[in-house]
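Worksheet for the structure shown next.
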Amino acid sequence: MKQVLTVSCKLQVTPQQVIKIDETLRAFCDACEYVNKEVPEKVTNEIAMQSLVYQDVRARFGLSSQLAIHAIRRVSGNRKTAKQKGSKVKGFTPTSATYDARIFSFREKDWTVSLTMLGKRERFKLHIGNFQRGKLKGQNPKTATLVKNRKGEYYLNIQLESEPPEPQKSDKVLGVDLGRTDIAVTSEGEKFSGKDVTKVRDHHSHLRAKLQQKASKGTRSTRRRVRNLLKRLSGKEQRFQKHVNHTISYRLIQHAKSNGMVIALEDLTGIRERTNQMPRAKKERRRSNSWAFYQLRQFLEYKAIANGVEIVMVNPAYTSQTCHQCDHIHPVRGESYRSGKQFTCGHCGWNGDADENGAKNIAKIGAVINQPGGSGVACSLSDHLSGLLKTPSAYAVG
Ligand SMILES: [Zn+2]
């Protein structure tokens with residue numbers, strides 16, 4: 001499996017080069033618009049699109065053959081994404097163009113790149129620090145994206161491909177419970193609080209409600225202003241959540257990596273049902289069943305691959321109702337040992353954080369799964385545990 005790392009490099013540009021880049025970005029954008037207009041909407045296949053408009057695009061916009069192909073590819077890609085979402089490609093802005101090895105090259109000795117513009121190639125010095133230099137050293141990148149940001153600065157996002165490290169084998173397992181009051185709790189008892197996120201989300205939903213009320217009474221222009229505000233609000237909320245998810249996944253992966261551990265997670269397909277199994281207040285549902293959990297899981301997965309940390313998936317059934325200490329299960333709804341954040345075992349008397357108990361169970365089952373054809377102990381424990389999972393009623397304590 002290939003892993004792609006993007007290194008964002010600011011370009012040092014002269015006033016003449018600014019003109020050339022802007023011309024190129026403009027032509028690339030115009031070409032995309034043209035392709036999107038000329039090719040019938042239902043056509044999304046890149047080759048089919050090329051056969052229809054490639055010659056035209058070359059003749060009209062002065063793009064090199066590779067840039068023309070990339071413009072068509074861009075439209076094809078955007079159409080496919082839009083189709084999945086059930087929407088249409090709206091349009092393009094002259095802020096980005098795609099480059100590959102035929103029209104882009106990187107030179108390490110003076111930290112420059114050469115890019116095909118309209119007409120001939122142009123060489124740019126990279127305005128970069130040690131981090132980017134370290135990443136680019138000894139590399140021969142094949143693809144890049146030229147980007148103009150809102151401040152009018154130019155960046156080349158260079159893609160580096162590498163083989164991720166072999167996942168490290170280990171019998172130490174870190175169980176992670178993706179909870180709801182806390183975003184994540186580990187089997188070692190470390191908690192990643194969701195308080196900040198919840199606060200921001202509640203604040204935003206309060207604002208949203210107020211704004212919507214205002215819009216319902218307002219004039220047309222008020223409604224438009226409100227709509228824009230709402231859009232900005234949701235962007236802000238999502239960026240904050242993303243930041244939090246990045247931080248949590250980074251810390252979990254680093255912890256596992258530096259301690260030589262495997263990470264065990266619940267199969268996320270169960271999360272939605274689990275957090276919604278009880279009739280709950282609207283407020284709490286809004287907090288729990290969101291894309292945020294899916295995002296955190298995705299972040300964990302790709303960071304695990306990048307860092308050579310292995311992830312094992314655990315059946316989520318009963319991980320929250322089982323006592324990790326004595327393996328007793330009480331799956332009867334409403335009679336669980338679990339009460340809010342607290343877990344009390346009616347059998348052995350263990351008492352503590354409910355999510356931590358869940359995480360410890362995840363680690364335990366993860367350890368069993370992680371030992372393929374392992375020792376006799378692991379096998380019998382596995383049998384015992386899977387027996388538990390299959391016949392919970394037999395172990396239920398009234
Ligand atoms: Zn117990």
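So you can find residues: chains in the structure tokens are A, B, ... in the order shown, residues in each start at 1, and ligands are numbered from 1 in order.
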Item to check | All alpha helix (DSSP H) positions in range 127-342 of chain A, as a ChimeraX atom specification | outcome: /A:130-136,195-217,220-258,271-276,282-288,291-307
Step by step, measure atom-to-atom distances between ligand 1 and each residue using only C-alpha atoms and all ligand atoms, keep those at most 10 Å, then write them as a tab-separated table (two decimals) with C-alpha atoms, in the first residue's frame.
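Result saved to result_37.tsv:
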chain	number	residue	atom	x	y	z
A	322	THR	CA	-19.27	-6.69	30.49
A	323	CYS	CA	-17.22	-6.26	33.63
A	324	HIS	CA	-13.60	-6.36	32.49
A	325	GLN	CA	-12.51	-7.78	35.83
A	326	CYS	CA	-14.74	-10.83	36.15
A	327	ASP	CA	-16.27	-11.07	32.62
A	328	HIS	CA	-19.83	-10.94	33.82
A	329	ILE	CA	-22.31	-9.52	31.38
A	337	TYR	CA	-24.25	-2.27	35.67
A	343	PHE	CA	-19.96	1.17	36.00
A	344	THR	CA	-20.56	-1.03	39.00
A	345	CYS	CA	-20.20	-4.78	38.78
A	346	GLY	CA	-22.85	-6.60	40.76
A	347	HIS	CA	-20.74	-9.72	40.75
A	348	CYS	CA	-17.23	-8.75	41.78
A	349	GLY	CA	-17.94	-5.23	42.91
A	350	TRP	CA	-15.55	-3.43	40.55
A	351	ASN	CA	-16.53	0.19	40.28
Write out as a CSV table (one decimal) with C-alpha atoms, in the first residue's frame each polymer residue whose atoms come within 9 Å of range 237-240 of chain A, counting only C-alpha atoms; drop sequence neighbours fewer than 6 positions from it.
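Result file out-v4.csv:
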chain,number,residue,atom,x,y,z
A,197,VAL,CA,-16.3,20.2,21.3
A,200,VAL,CA,-18.7,24.7,20.7
A,201,ARG,CA,-21.4,22.6,19.2
A,204,HIS,CA,-23.4,27.0,17.5
A,292,ALA,CA,-17.1,13.2,14.0
Checklist entry - Any idea what's packed within 9 Å of range 99-105 of chain A, counting only C-alpha atoms, ignoring anything in its chain fewer than 6 positions away? Could you give it as JSON, numbers by chain? => result {"A": [64, 66, 67, 70, 112, 113, 114, 115, 116, 117, 121, 140, 141, 142, 143, 144, 145, 146]}
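Around Glu188 in chain A, within 12 Å and counting only C-alpha atoms, the residues found are Lys172, Val173, Leu174, Gly175, Val176, Asp177, Ala184, Val185, Thr186, Glu190, Lys191, Leu252, His255, Ala256, Ile263, Asp353, Asp355, Glu356, Asn357, Gly358, Ala359, Lys360, Asn361, Ile362, Ala363 and Lys364 of chain A, once anything fewer than 2 positions away on its own chain is removed.
Using only C-alpha atoms, the contacts of range 158-164 of chain A at a cut-off of 8 Å, with sequence neighbours closer than 3 positions omitted, comprise Met1, Lys2, Gln3, Val4, Leu5, Thr6, Val7, Ser8, Cys9, Gln139, Pro141, Lys142, Thr143, Ala144, Thr145, Ile305, Ala306, Asn307 and Gly308 of chain A.
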Any chance you could export the current selection's C-alpha atoms as a PDB file, in the first residue's frame?
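Listing of result19.pdb after writing:
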ATOM      1  CA  MET A   1       0.000   0.000   0.000  1.00  0.00           C
ATOM      2  CA  LYS A   2       1.322   3.384  -1.047  1.00  0.00           C
ATOM      3  CA  GLN A   3       1.216   6.285   1.312  1.00  0.00           C
ATOM      4  CA  VAL A   4       1.086   9.848   0.025  1.00  0.00           C
ATOM      5  CA  LEU A   5       2.469  12.780   1.916  1.00  0.00           C
ATOM      6  CA  THR A   6       1.839  16.289   0.651  1.00  0.00           C
ATOM      7  CA  VAL A   7       4.504  18.885   1.325  1.00  0.00           C
ATOM      8  CA  SER A   8       3.256  22.421   0.937  1.00  0.00           C
ATOM      9  CA  CYS A   9       5.976  24.764  -0.372  1.00  0.00           C
ATOM     10  CA  GLN A 139      13.058  12.571  -3.330  1.00  0.00           C
ATOM     11  CA  PRO A 141       8.380  13.754  -6.706  1.00  0.00           C
ATOM     12  CA  LYS A 142       6.068  12.936  -9.596  1.00  0.00           C
ATOM     13  CA  THR A 143       2.990  15.048  -8.928  1.00  0.00           C
ATOM     14  CA  ALA A 144       2.174  18.461  -7.531  1.00  0.00           C
ATOM     15  CA  THR A 145      -0.593  21.037  -7.402  1.00  0.00           C
ATOM     16  CA  ILE A 305      -0.598   2.924   8.658  1.00  0.00           C
ATOM     17  CA  ALA A 306       1.804   5.838   8.340  1.00  0.00           C
ATOM     18  CA  ASN A 307       3.436   5.017  11.669  1.00  0.00           C
ATOM     19  CA  GLY A 308       3.490   1.237  11.415  1.00  0.00           C
TER      20      GLY A 308
END
Checklist outcome for this item: Computed gap from CA of Lys88 in chain A to CA of Arg227 in chain A is 20.1 Å
Checklist outcome for this item: If you count only C-alpha atoms, the residue of A:Ser187, A:Gln241, A:Gln212, A:Gln298 closest to Met261 in chain A turns out to be A:Ser187
